[in-house]
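Chemist: Data: structure_17.txt, compact mmCIF, C-alpha atoms.
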```txt
# COMPACT_ATOMS: atom_id res chain seq x y z
CA MET A 1 -465.14 22.17 -79.02
CA LYS A 2 -465.91 22.14 -82.73
CA LYS A 3 -463.16 24.69 -83.31
CA ASN A 4 -460.61 22.46 -81.60
CA TYR A 5 -461.66 19.54 -83.80
CA LEU A 6 -461.14 21.64 -86.93
CA VAL A 7 -457.72 22.69 -85.75
CA ARG A 8 -456.76 19.08 -85.10
CA HIS A 9 -458.20 18.08 -88.48
CA GLN A 10 -456.21 20.78 -90.27
CA LEU A 11 -453.05 19.71 -88.49
CA ASN A 12 -453.62 16.08 -89.49
CA VAL A 13 -454.18 17.08 -93.13
CA CYS A 14 -450.95 19.13 -93.10
CA ALA A 15 -449.03 16.25 -91.55
CA LEU A 16 -450.42 13.85 -94.16
CA ALA A 17 -449.50 16.23 -96.97
CA PHE A 18 -445.96 16.61 -95.59
CA ALA A 19 -445.61 12.82 -95.27
CA VAL A 20 -446.76 12.31 -98.86
CA PHE A 21 -444.35 15.00 -100.07
CA SER A 22 -441.48 13.45 -98.12
CA PHE A 23 -442.32 10.00 -99.46
CA VAL A 24 -442.55 11.23 -103.02
CA SER A 25 -439.29 13.18 -102.63
CA CYS A 26 -437.40 10.28 -101.07
CA ARG A 27 -438.66 7.92 -103.74
CA GLY A 28 -436.77 10.07 -106.23
CA ILE A 29 -439.81 11.45 -108.12
CA ASN A 30 -438.86 14.85 -109.51
CA VAL A 31 -441.00 17.59 -107.92
CA ASN A 32 -438.68 20.34 -109.16
CA PRO A 33 -438.84 22.37 -112.35
CA ASP A 34 -437.10 20.77 -115.29
CA MET A 35 -433.40 21.58 -114.97
CA GLU A 36 -431.20 22.47 -117.90
CA THR A 37 -428.25 20.38 -119.02
CA PRO A 38 -424.87 22.16 -119.10
CA VAL A 39 -423.24 22.87 -122.44
CA VAL A 40 -419.44 22.90 -122.09
CA SER A 41 -416.65 24.64 -124.00
CA LEU A 42 -412.90 24.25 -123.41
CA ALA A 43 -409.95 26.52 -124.14
CA HIS A 44 -406.23 26.71 -123.43
CA SER A 45 -405.12 29.24 -120.86
CA ALA A 46 -403.27 32.15 -122.47
CA ASP A 47 -400.58 32.24 -119.78
CA SER A 48 -399.91 28.49 -119.74
CA PRO A 49 -401.50 26.53 -122.62
CA SER A 50 -399.53 23.40 -121.75
CA THR A 51 -400.65 23.08 -118.11
CA LYS A 52 -404.00 24.90 -117.76
CA VAL A 53 -407.43 24.33 -119.29
CA ILE A 54 -410.32 26.79 -119.05
CA ILE A 55 -413.72 25.09 -118.65
CA LYS A 56 -416.86 27.14 -119.30
CA TRP A 57 -420.57 26.25 -119.27
CA ASN A 58 -423.96 27.96 -119.35
CA LYS A 59 -425.83 28.84 -116.15
CA CYS A 60 -428.52 26.17 -115.70
CA GLU A 61 -432.00 26.97 -114.40
CA ASP A 62 -432.62 25.68 -110.84
CA ALA A 63 -429.08 24.28 -110.47
CA GLU A 64 -427.70 24.66 -106.94
CA GLY A 65 -424.17 23.68 -107.85
CA TYR A 66 -421.91 22.15 -110.46
CA ALA A 67 -419.46 19.26 -110.49
CA ILE A 68 -416.63 18.58 -112.94
CA GLU A 69 -415.24 15.21 -113.92
CA LYS A 70 -411.91 14.94 -115.71
CA THR A 71 -410.66 11.78 -117.44
CA TYR A 72 -407.58 10.90 -119.47
CA MET A 73 -405.82 7.80 -120.72
CA LYS A 74 -402.20 6.62 -120.36
CA ASP A 75 -400.93 3.17 -121.40
CA GLY A 76 -404.49 1.88 -121.49
CA VAL A 77 -405.16 3.07 -117.92
CA LEU A 78 -408.18 5.38 -117.56
CA GLU A 79 -407.69 7.94 -114.81
CA GLU A 80 -410.41 10.08 -113.26
CA GLU A 81 -410.36 13.25 -111.19
CA HIS A 82 -413.39 14.87 -109.58
CA PHE A 83 -413.52 18.49 -108.51
CA ASN A 84 -415.60 19.68 -105.57
CA TYR A 85 -419.08 21.03 -106.15
CA LEU A 86 -418.92 24.63 -107.34
CA SER A 87 -421.50 27.25 -106.41
CA LYS A 88 -424.61 27.91 -108.51
CA ASP A 89 -423.20 31.27 -109.66
CA THR A 90 -420.04 29.68 -111.10
CA THR A 91 -419.85 29.12 -114.85
CA MET A 92 -416.07 28.80 -115.29
CA TYR A 93 -413.27 26.76 -113.76
CA ILE A 94 -409.53 26.74 -114.53
CA ASP A 95 -407.88 23.34 -114.22
CA SER A 96 -404.22 24.09 -113.50
CA ASN A 97 -403.27 20.47 -112.81
CA CYS A 98 -402.61 19.38 -116.39
CA GLU A 99 -399.57 18.05 -118.22
CA PRO A 100 -398.21 19.07 -121.64
CA GLY A 101 -399.34 17.17 -124.71
CA VAL A 102 -402.09 15.16 -122.98
CA GLU A 103 -405.71 14.91 -124.11
CA TYR A 104 -408.22 15.53 -121.33
CA THR A 105 -411.97 15.00 -121.37
CA TYR A 106 -414.31 17.03 -119.14
CA THR A 107 -417.92 16.55 -118.15
CA VAL A 108 -419.89 19.14 -116.14
CA GLY A 109 -422.86 18.15 -114.01
CA ALA A 110 -425.57 20.52 -112.74
CA GLY A 111 -427.19 19.42 -109.45
CA TYR A 112 -430.38 20.06 -107.48
CA PHE A 113 -430.44 18.54 -103.98
CA LYS A 114 -432.80 20.53 -101.75
CA THR A 115 -434.94 17.49 -100.93
CA MET A 116 -432.38 15.89 -98.62
CA GLY A 117 -429.64 18.48 -98.55
CA PHE A 118 -426.28 18.38 -100.31
CA PHE A 119 -424.55 15.71 -98.22
CA TYR A 120 -427.38 13.18 -97.82
CA GLY A 121 -428.59 13.84 -101.32
CA ARG A 122 -425.22 12.93 -102.78
CA VAL A 123 -424.70 9.94 -100.48
CA PHE A 124 -428.11 8.35 -101.04
CA GLY A 125 -428.54 9.44 -104.63
CA LYS A 126 -431.62 11.57 -103.93
CA THR A 127 -430.65 14.40 -106.23
CA ASP A 128 -431.62 15.68 -109.63
CA GLU A 129 -428.46 15.91 -111.71
CA ARG A 130 -427.89 16.60 -115.39
CA TYR A 131 -424.55 16.00 -117.09
CA SER A 132 -423.12 17.60 -120.20
CA GLU A 133 -421.76 15.76 -123.18
CA PRO A 134 -418.04 15.00 -122.66
CA VAL A 135 -415.73 17.51 -124.35
CA SER A 136 -412.01 16.93 -125.03
CA ILE A 137 -408.93 19.12 -125.49
CA LYS A 138 -405.22 18.42 -125.87
CA THR A 139 -402.83 20.64 -123.94
CA GLY A 140 -399.99 22.44 -125.68
CA VAL A 141 -396.48 21.06 -125.99
CA ASP A 142 -393.60 22.23 -123.77
CA SER A 143 -390.15 22.12 -125.39
CA LEU A 144 -388.55 20.80 -122.17
CA VAL A 145 -391.11 18.01 -121.82
CA CYS A 146 -389.48 15.84 -124.45
CA LEU A 147 -388.52 12.56 -122.74
CA ASP A 148 -390.68 9.46 -122.87
CA TYR A 149 -392.37 8.77 -119.56
CA PRO A 150 -391.54 5.53 -117.69
CA LYS A 151 -393.43 2.45 -118.88
CA ASN A 152 -393.76 -1.23 -117.95
CA ILE A 153 -393.77 -0.45 -114.25
CA LYS A 154 -393.73 -3.56 -112.06
CA ILE A 155 -394.52 -3.53 -108.34
CA SER A 156 -393.36 -6.36 -106.10
CA GLU A 157 -392.83 -7.22 -102.46
CA VAL A 158 -389.43 -6.78 -100.81
CA GLU A 159 -387.72 -9.84 -99.40
CA GLY A 160 -387.30 -9.57 -95.64
CA LYS A 161 -389.72 -6.65 -95.28
CA THR A 162 -393.50 -6.52 -95.27
CA ASN A 163 -393.89 -2.75 -94.94
CA ALA A 164 -392.18 -1.95 -98.24
CA LEU A 165 -392.72 -2.21 -102.01
CA LYS A 166 -390.27 -2.34 -104.91
CA LEU A 167 -390.88 -0.43 -108.15
CA LYS A 168 -389.08 -1.33 -111.37
CA TRP A 169 -389.59 0.06 -114.87
CA SER A 170 -388.03 0.22 -118.33
CA PRO A 171 -385.23 2.81 -118.55
CA CYS A 172 -386.08 5.94 -120.53
CA GLU A 173 -383.69 7.09 -123.27
CA ASN A 174 -381.63 10.18 -122.23
CA ALA A 175 -382.98 10.04 -118.67
CA VAL A 176 -380.44 10.48 -115.86
CA SER A 177 -382.82 10.22 -112.91
CA TYR A 178 -386.43 9.62 -111.99
CA GLU A 179 -388.88 11.26 -109.60
CA ILE A 180 -391.31 9.04 -107.68
CA TYR A 181 -394.73 10.36 -106.69
CA CYS A 182 -397.00 8.54 -104.26
CA LYS A 183 -400.62 8.71 -103.10
CA CYS A 184 -402.12 7.03 -100.03
CA LEU A 185 -405.42 8.10 -98.47
CA LEU A 186 -404.33 6.82 -95.06
CA GLU A 187 -401.37 9.22 -95.11
CA ASP A 188 -403.06 12.12 -96.91
CA SER A 189 -406.86 12.29 -97.13
CA SER A 190 -406.68 14.94 -99.88
CA GLY A 191 -405.94 12.20 -102.41
CA ASN A 192 -403.09 14.20 -103.99
CA TYR A 193 -399.87 12.71 -105.29
CA LYS A 194 -396.87 13.76 -103.20
CA TYR A 195 -393.21 13.77 -104.18
CA TYR A 196 -391.52 10.77 -102.54
CA CYS A 197 -387.92 10.64 -103.77
CA THR A 198 -385.50 10.90 -106.70
CA VAL A 199 -383.46 7.89 -107.86
CA ASP A 200 -380.71 7.42 -110.46
CA ASP A 201 -381.63 3.87 -111.43
CA SER A 202 -384.81 2.48 -112.99
CA GLU A 203 -385.90 0.82 -109.75
CA CYS A 204 -386.71 1.95 -106.24
CA ILE A 205 -387.65 0.49 -102.85
CA LEU A 206 -390.30 2.50 -101.02
CA PHE A 207 -390.04 2.20 -97.25
CA PRO A 208 -391.60 2.50 -94.75
CA LEU A 209 -395.21 1.97 -95.87
CA TYR A 210 -398.31 0.95 -93.96
CA ASN A 211 -399.23 -2.74 -94.21
CA GLU A 212 -402.62 -3.79 -95.62
CA THR A 213 -402.83 -0.41 -97.34
CA GLU A 214 -403.25 0.64 -100.97
CA TYR A 215 -400.66 2.97 -102.51
CA SER A 216 -400.70 4.53 -105.97
CA PHE A 217 -397.56 5.57 -107.84
CA LYS A 218 -396.49 7.70 -110.80
CA ILE A 219 -392.94 8.21 -112.11
CA LYS A 220 -391.34 11.03 -114.10
CA ALA A 221 -388.10 10.84 -116.11
CA LEU A 222 -385.55 13.69 -115.85
CA GLY A 223 -382.82 14.62 -118.34
CA GLU A 224 -379.34 16.06 -117.80
CA ASN A 225 -380.18 19.58 -119.01
CA GLY A 226 -383.61 20.15 -117.50
CA GLN A 227 -385.55 17.91 -119.87
CA THR A 228 -388.43 16.03 -118.35
CA SER A 229 -391.27 13.70 -119.20
CA ILE A 230 -394.86 13.81 -118.13
CA LEU A 231 -395.86 11.51 -115.27
CA SER A 232 -396.30 7.84 -116.03
CA ALA A 233 -399.60 6.03 -115.97
CA LEU A 234 -401.12 5.20 -112.59
CA TYR A 235 -399.95 2.00 -110.91
CA THR A 236 -401.49 0.71 -107.68
CA ALA A 237 -400.56 -1.99 -105.17
CA VAL A 238 -401.50 -3.11 -101.67
CA VAL A 239 -398.72 -3.53 -99.11
CA PRO A 240 -398.68 -7.09 -97.65
CA GLU A 241 -399.92 -7.95 -94.17
CA ALA A 242 -397.45 -7.72 -91.31
CA LYS A 243 -396.07 -11.18 -90.52
CA ASN A 244 -394.69 -10.45 -87.04
CA THR A 245 -397.93 -11.32 -85.27
CA GLN A 246 -396.42 -13.91 -82.88
CA MET A 247 -393.50 -13.85 -80.48
CA ASP A 248 -391.48 -16.29 -82.59
CA THR A 249 -391.94 -14.12 -85.71
CA ALA A 250 -390.80 -10.87 -84.08
CA ILE A 251 -388.74 -8.66 -86.40
CA GLN A 252 -385.65 -6.59 -85.60
CA ILE A 253 -386.11 -2.81 -85.43
CA GLN A 254 -383.03 -0.66 -86.00
CA ASN A 255 -382.44 2.25 -83.68
CA SER A 256 -383.41 5.72 -84.93
CA VAL A 257 -385.09 4.27 -88.07
CA THR A 258 -388.72 5.27 -88.49
CA GLU A 259 -391.01 2.30 -89.15
CA LYS A 260 -394.67 2.40 -90.23
CA TYR A 261 -397.04 -0.47 -89.50
CA ARG A 262 -400.70 -1.19 -89.87
CA SER A 263 -402.39 -4.41 -88.82
CA SER A 264 -405.85 -5.74 -88.07
CA LYS A 265 -404.29 -8.53 -85.98
CA GLU A 266 -404.35 -8.71 -82.19
CA SER A 267 -400.71 -7.70 -81.78
CA LEU A 268 -397.35 -7.16 -83.48
CA TRP A 269 -393.98 -8.24 -82.05
CA PHE A 270 -390.60 -6.54 -82.44
CA ILE A 271 -387.02 -7.20 -81.37
CA ILE A 272 -385.47 -3.99 -80.07
CA ALA A 273 -382.08 -3.05 -78.62
CA PRO A 274 -382.44 0.58 -77.53
CA GLN A 275 -379.36 2.52 -76.50
CA LYS A 276 -381.21 5.33 -74.73
CA GLY A 277 -384.13 3.18 -73.62
CA ILE A 278 -386.67 5.29 -75.50
CA ILE A 279 -389.71 3.93 -77.36
CA LYS A 280 -391.67 6.42 -79.48
CA ILE A 281 -395.04 5.53 -81.00
CA ALA A 282 -397.18 7.93 -83.01
CA LYS A 283 -400.81 6.92 -83.42
CA THR A 284 -404.28 8.38 -83.07
CA PHE A 285 -405.23 6.71 -79.77
CA ASP A 286 -403.63 5.49 -76.56
CA VAL A 287 -400.77 3.02 -76.83
CA ASN A 288 -401.01 -0.48 -75.36
CA ALA A 289 -397.56 -2.10 -75.33
CA MET A 290 -395.52 -4.52 -73.22
CA ILE A 291 -391.82 -5.36 -72.91
CA PHE A 292 -390.35 -8.88 -72.55
CA THR A 293 -386.91 -10.38 -72.17
CA ARG A 294 -385.56 -12.33 -75.15
CA ASN A 295 -386.69 -15.61 -73.55
CA GLY A 296 -390.25 -14.33 -73.38
CA GLU A 297 -390.50 -13.32 -69.72
CA LEU A 298 -392.73 -10.30 -69.10
CA MET A 299 -390.62 -7.58 -67.51
CA ASP A 300 -393.52 -5.35 -66.52
CA GLY A 301 -397.21 -4.86 -67.12
CA CYS A 302 -398.36 -2.43 -69.82
CA LEU A 303 -395.69 0.18 -70.44
CA SER A 304 -396.49 3.70 -69.30
CA PHE A 305 -396.45 6.13 -72.24
CA GLU A 306 -396.58 9.89 -71.93
CA GLU A 307 -398.18 12.00 -74.62
CA VAL A 308 -395.65 14.21 -76.42
CA GLU A 309 -395.90 16.59 -79.36
CA ASP A 310 -395.62 13.92 -82.07
CA GLY A 311 -397.25 10.93 -80.33
CA PHE A 312 -396.41 8.90 -77.22
CA GLU A 313 -393.07 8.16 -75.54
CA CYS A 314 -391.87 5.66 -72.94
CA SER A 315 -388.56 5.49 -71.06
CA LEU A 316 -387.54 1.91 -70.30
CA LYS A 317 -384.96 3.22 -67.81
CA ASP A 318 -387.78 4.75 -65.78
CA ALA A 319 -390.13 1.79 -66.29
CA ASN A 320 -387.77 -0.98 -65.27
CA PRO A 321 -384.60 -0.74 -63.14
CA ASP A 322 -383.25 -3.92 -64.80
CA PHE A 323 -383.06 -2.26 -68.25
CA VAL A 324 -379.61 -2.62 -69.89
CA SER A 325 -378.62 -0.29 -72.73
CA GLY A 326 -378.10 -2.12 -76.04
CA GLU A 327 -379.51 -5.42 -74.80
CA LYS A 328 -382.17 -7.08 -76.95
CA TYR A 329 -385.79 -7.11 -75.75
CA LEU A 330 -389.17 -8.10 -77.17
CA LEU A 331 -391.75 -5.36 -77.67
CA ARG A 332 -395.40 -6.29 -78.11
CA VAL A 333 -397.84 -3.67 -79.47
CA VAL A 334 -401.44 -4.74 -78.73
CA ASN A 335 -404.35 -3.87 -81.04
CA PRO A 336 -401.91 -1.93 -83.20
CA GLY A 337 -404.11 -0.36 -85.88
CA ASP A 338 -401.78 2.03 -87.72
CA PHE A 339 -398.77 3.57 -86.00
CA ILE A 340 -395.24 4.91 -86.46
CA LEU A 341 -392.48 3.36 -84.34
CA THR A 342 -389.03 4.70 -83.49
CA ILE A 343 -386.55 3.12 -81.05
CA GLU A 344 -383.65 5.06 -79.56
```
Let me see whether you can do it: turn the structure in this file into structure tokens.

Modeler:
Amino acid sequence: MKKNYLVRHQLNVCALAFAVFSFVSCRGINVNPDMETPVVSLAHSADSPSTKVIIKWNKCEDAEGYAIEKTYMKDGVLEEEHFNYLSKDTTMYIDSNCEPGVEYTYTVGAGYFKTMGFFYGRVFGKTDERYSEPVSIKTGVDSLVCLDYPKNIKISEVEGKTNALKLKWSPCENAVSYEIYCKCLLEDSSGNYKYYCTVDDSECILFPLYNETEYSFKIKALGENGQTSILSALYTAVVPEAKNTQMDTAIQIQNSVTEKYRSSKESLWFIIAPQKGIIKIAKTFDVNAMIFTRNGELMDGCLSFEEVEDGFECSLKDANPDFVSGEKYLLRVVNPGDFILTIE
């Protein structure tokens, strides 16, 4: 009996010790050995000094991984990029996403996060991290990168459309065209800028875009004989809310034109005149849509959509024997969220 009591007592002491350790750890008190702070050096890459920077640092005692922060300035706009955590055995990283003639500043952080694990430690700030002093380097000059980059970029709404934005900027001397690059986390969770289009004029309408969504843009000038500029400074705008939330504000959808919409409203309304009687909707969950005559009479209950390779599809010919090709109807999409719509 006495032996059992001692066992229980020892277990209680262990549990208490573990609780105290957990409490101390979660309160952020450092129970780890003192970790070193990284010391960083930068160098141009021998094979491409204008587009690559070599980042080196010392191996830090007790560090379980390293993070790199990159900052640079254009037109008074500070831009930041963060690289994923690198393993504890890594002491070098090559940044190949640089532009000629730009000054970049790098900071390396060494991290210890065993207390709560990598993910929860980073989310709740329960880590021990030490950051280097920021170090700067200017990339080399490329003879073809000789045009001024676009400046004074203005972003505005487009009359008659809510799922579009207009970009306008000051023309660049000796530029014959411009490349537009776009970033939207809803469309690409990687956060990378993607080529959008090339235009000859110093303005551009971007369509279709998701409503109620933030987009970031950069623009590059191109010359007649291969000359180019670096990308412009970052410009960001939020696409307006969709206004077609009631039957009397329904908007016309052209056949075979892809439309993107996003709305937190109860429903969106569209005027459609399909020739083939096909409605295609791409979204991440089941579609809830209804079809009405132009005077607002419900033709059927919820339309029946079949899942296809790129979303959901409905045939109005199959759904309603009274369907007439080319006649105008009202389409209501309920609880829309974000979706892509095509009428044929």

Chemist: Using only C-alpha atoms, which protein or nucleic acid residues come within 12 Å of stretch 80-92 of chain A? Drop anything in the same chain fewer than 2 positions from it, and give the result as a ChimeraX atom specification.

Modeler: /A:38-43,53-74,77-78,94-98,104-113,118-119,122,190-192,233-234

Chemist: When you count all atoms listed in the file, which of these residues is closest to A:Ser170: A:Ser143, A:Ser132, A:Ser216, A:Ser232?

Modeler: A:Ser232

Chemist: If you count only C-alpha atoms, which residues fall within 6 Å of A:Ala273, apart from same-chain ones fewer than 5 positions away, as number ranges by chain?

Modeler: A: 326-328

Chemist: Could those residues be written to a file, using C-alpha atoms, as a PDB file, keeping the file's coordinate frame?

Modeler:
```pdb
ATOM      1  CA  GLY A 326    -378.100  -2.120 -76.040  1.00  0.00           C
ATOM      2  CA  GLU A 327    -379.510  -5.420 -74.800  1.00  0.00           C
ATOM      3  CA  LYS A 328    -382.170  -7.080 -76.950  1.00  0.00           C
TER       4      LYS A 328
END
```

Chemist: Which residues are near A:Leu303? Cut-off 8 Å, all atoms listed in the file, ignore same chain within fewer than 6 positions. Put them as a PyMOL selection string.

Modeler: chain A and resi 288-291+314+319

Chemist: Using only C-alpha atoms, can you tell me which of A:Lys52, A:Lys151, A:Lys220, A:Arg262 comes closest to A:Glu103?

Modeler: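 Using only C-alpha atoms, the shortest distance to A:Glu103 belongs to A:Lys52.
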
Chemist: So which residues fall inside 10 Å of (-397.8, 11.1, -75.4) if we count all atoms listed in the file? Mind giving them as a PyMOL selection string?

Modeler: chain A and resi 280-283+285-287+304-314

Chemist: What does the file look like for those residues with C-alpha atoms, as a PDB file, keeping the file's coordinate frame?

Modeler:
```pdb
ATOM      1  CA  LYS A 280    -391.670   6.420 -79.480  1.00  0.00           C
ATOM      2  CA  ILE A 281    -395.040   5.530 -81.000  1.00  0.00           C
ATOM      3  CA  ALA A 282    -397.180   7.930 -83.010  1.00  0.00           C
ATOM      4  CA  LYS A 283    -400.810   6.920 -83.420  1.00  0.00           C
ATOM      5  CA  PHE A 285    -405.230   6.710 -79.770  1.00  0.00           C
ATOM      6  CA  ASP A 286    -403.630   5.490 -76.560  1.00  0.00           C
ATOM      7  CA  VAL A 287    -400.770   3.020 -76.830  1.00  0.00           C
ATOM      8  CA  SER A 304    -396.490   3.700 -69.300  1.00  0.00           C
ATOM      9  CA  PHE A 305    -396.450   6.130 -72.240  1.00  0.00           C
ATOM     10  CA  GLU A 306    -396.580   9.890 -71.930  1.00  0.00           C
ATOM     11  CA  GLU A 307    -398.180  12.000 -74.620  1.00  0.00           C
ATOM     12  CA  VAL A 308    -395.650  14.210 -76.420  1.00  0.00           C
ATOM     13  CA  GLU A 309    -395.900  16.590 -79.360  1.00  0.00           C
ATOM     14  CA  ASP A 310    -395.620  13.920 -82.070  1.00  0.00           C
ATOM     15  CA  GLY A 311    -397.250  10.930 -80.330  1.00  0.00           C
ATOM     16  CA  PHE A 312    -396.410   8.900 -77.220  1.00  0.00           C
ATOM     17  CA  GLU A 313    -393.070   8.160 -75.540  1.00  0.00           C
ATOM     18  CA  CYS A 314    -391.870   5.660 -72.940  1.00  0.00           C
TER      19      CYS A 314
END
```

Chemist: Which of these, A:Glu266, A:Glu203, A:Glu214, A:Asp322, has the shortest distance to A:Val334 once you count only C-alpha atoms?

Modeler: A:Glu266

Chemist: Would you mind reading off the distance between atom CA of A:Lys317 and atom CA of A:Gln254, one decimal, in Å?

Modeler: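 Atom CA of A:Lys317 sits 18.7 Å away from atom CA of A:Gln254.
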
Chemist: In Å, rounded to a single decimal, give me how far atom CA of A:Tyr196 is from atom CA of A:Val239.

Modeler: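 It comes out at 16.4 Å.
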
Chemist: So, counting only C-alpha atoms, which residue among A:Asn163, A:Ser229, A:Ser202, A:Thr213 is closest to A:Gly101?

Modeler: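 Smallest distance to A:Gly101 is found for A:Ser229.
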